[in-house]
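Each remark here refers to the structure printed beneath this line.
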Amino acid sequence: MQSRCVVQSNTGLIVAGNDGVVHCHGADGNSTKLEQSSEWIEAMAVSPDGKFLAVASHDNYIRIYNCDGWLKCGDVRKHTSAVLMIDWSADSRKMRSNSLDWELLFWDVTEAGEISQDPSGRSNNVSTKWQTNTMKFGWHVEGIFPKNVVEADHINRVTGNLEESLLATGDDFCNVRIFRNPARPGNVPRTYRGHGEHVTNVIFNGDKLFSTGGGDQTLIQWKKCE
């Protein structure tokens with residue numbers, strides 16, 4: 001299996017691959033294989049309370065699993081294209097997701113892990129605090145796309161820092177870019193080059209930013225300058 005997506009849970013490491021299978025590796029050495037998607041897994045996210053795992057697939061589904069026993073709580077297929085990103089709200093009761101065809105959808109999640117779409121999510125979640133900021137389609141990230149770039153698929157990942165003051169992107173042109181949050185059209189980012197190939201992921205951890213490269217197979221650590 002070629003790993004595509006990796007996340008950490010309270011109980012261990014969760015790995016998904018190009019084969020659409022999710023493997024949950026516990027600290028006790030035991031592993032659980034979750035229901036197989038018909039397409040590969042693009043994104044996964046554990047809820048802030050540690051109870052649920054959300055899995056986004058290129059089969060257009062979002063599936064929710066209980067981290068205690070890994071039983072599936074619910075699934076939904078409202079996106080019309082591959083699901084690329086998932087963010088949980090800080091209270092673990094809402095989610096938002098992006099898909100390949102520029103959709104931004106919002107979801108309500110019950111205490112039992114059942115999921116349903118909120119058609120008025122854009123207005124209902126104006127004051128919602130999000131645990132992560134990985135969306136690349138939305139009003140707050142409209143400025144991450146250069147004026148002369150029509151397609152959005154050259155930006156592979158977006159991440160926000162804990163203070164919600166910065167956004168970082170990784171793209172197909174080997175760039176790591178840092179924007180002020182929100183990134184509105186006309187905002188000028190700081191651009192950093194370190195990778196020799198496309199940047200596959202970016203993530204903040206405290207005052208550091210980590211980025212991974214595709215063809216160059218490298219992990220770079222960036223530190224904020226005072």
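We label chains A, B, ... in the order they appear in the structure tokens, count residues from 1 in each chain, and number ligands from 1 in the order shown.
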Each residue of region 123-199 of chain A with at least one atom at most 10 Å from region 35-54 of chain A should appear once, together with its nearest atom pair and the corresponding distance in Å (one decimal); atoms considered: only C-alpha atoms; ordering: chain, then increasing residue number; output as a Markdown table.
```
| residue | atom | partner | partner_atom | distance |
| --- | --- | --- | --- | --- |
| A:Trp130 | CA | A:Pro48 | CA | 9.8 |
| A:Gln131 | CA | A:Pro48 | CA | 7.1 |
| A:Thr132 | CA | A:Ala45 | CA | 9.3 |
```
Residues of region 75-221 of chain A in strand (DSSP E), written as a PyMOL selection string | chain A and resi 75-76+83-88+94-99+104-109+115-117+155-160+166-171+175-180+190-193+199-205+208-213+219-221
Quick one: residues within 10 Å of Arg157 (chain A), only C-alpha atoms counted, chain neighbours fewer than 2 positions away excluded, as a PDB file with C-alpha atoms, in the first residue's frame?
```pdb
ATOM      1  CA  LEU A  84     -10.330  17.103  -0.764  1.00  0.00           C
ATOM      2  CA  MET A  85     -10.360  18.734   2.680  1.00  0.00           C
ATOM      3  CA  THR A 134      -7.467  23.632   5.468  1.00  0.00           C
ATOM      4  CA  MET A 135     -10.102  24.922   3.038  1.00  0.00           C
ATOM      5  CA  LYS A 136      -8.769  26.250  -0.261  1.00  0.00           C
ATOM      6  CA  ASP A 153      -5.531  22.445  -8.608  1.00  0.00           C
ATOM      7  CA  HIS A 154      -1.969  23.802  -8.536  1.00  0.00           C
ATOM      8  CA  ILE A 155      -2.433  24.567  -4.815  1.00  0.00           C
ATOM      9  CA  THR A 159      -3.095  25.267   6.606  1.00  0.00           C
ATOM     10  CA  ALA A 168       0.264  28.774   4.440  1.00  0.00           C
ATOM     11  CA  THR A 169      -0.046  27.067   1.057  1.00  0.00           C
ATOM     12  CA  GLY A 170       1.986  24.455  -0.797  1.00  0.00           C
ATOM     13  CA  ASP A 171       1.789  24.355  -4.598  1.00  0.00           C
ATOM     14  CA  VAL A 176       5.587  27.545   0.241  1.00  0.00           C
ATOM     15  CA  VAL A 199       4.806  20.634  -2.290  1.00  0.00           C
ATOM     16  CA  THR A 200       2.351  17.980  -1.102  1.00  0.00           C
ATOM     17  CA  ASN A 201       1.532  19.204   2.401  1.00  0.00           C
ATOM     18  CA  VAL A 202       2.029  22.067   4.858  1.00  0.00           C
ATOM     19  CA  ILE A 203       1.191  22.149   8.568  1.00  0.00           C
ATOM     20  CA  SER A 211       6.280  21.095   4.459  1.00  0.00           C
TER      21      SER A 211
END
```
Taking only C-alpha atoms into account, which of A:Lys224, A:His195, A:Lys72, A:Arg77 comes nearest Asn175 (chain A)?
->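 Smallest distance to Asn175 (chain A) is found for A:His195.
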Counting only C-alpha atoms, which of A:Leu34, A:Val83, A:Ile115, A:Val126 gets nearest to Trp102 (chain A)?
-> A:Val83
With only C-alpha atoms as the basis for distance, which of A:Asp108, A:Glu164, A:Glu142, A:Glu114 is at the shortest distance from Trp88 (chain A)?
->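 Ranked by minimum distance to Trp88 (chain A), first place goes to A:Asp108.
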All residues 12 Å or closer to Lys129 (chain A), only C-alpha atoms, same chain fewer than 5 positions away omitted, as a list of chain:residue names =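 Result of the neighbour search: A:Pro48, A:Asp87, A:Trp88, A:Ser89, A:Ala90, A:Asp91, A:Ser92, A:Arg93, A:Lys94, A:Met95, A:Arg96, A:Asn124, A:Leu162, A:Glu163, A:Glu164.
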Picked from region 9-182 of chain A by DSSP as helix (DSSP H, G or I), as a PyMOL selection string = chain A and resi 121-124+139-144
Which residue out of A:Lys208, A:Arg4, A:Trp107, A:Phe173 has the minimum interatomic distance to Thr191 (chain A) when only C-alpha atoms are used?
->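 Looking at the shortest contact to Thr191 (chain A), the residue is A:Phe173.
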Spatial neighbours of region 5-14 of chain A, max dist 6 Å, only C-alpha atoms, sep filter under 5 positions, as a list in words | His23, Cys24, His25, Gly26 and Ala27 of chain A
Using only C-alpha atoms, the shortest atom-to-atom distance to Val188 (chain A) among A:Asp172, A:Pro146, A:Ile220, A:Asn156 belongs to A:Pro146
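Comparing A:Asn181, A:Gln117, A:Thr212, A:Ser81 by their smallest distance to Gly196 (chain A), the closest is A:Thr212 (using only C-alpha atoms).
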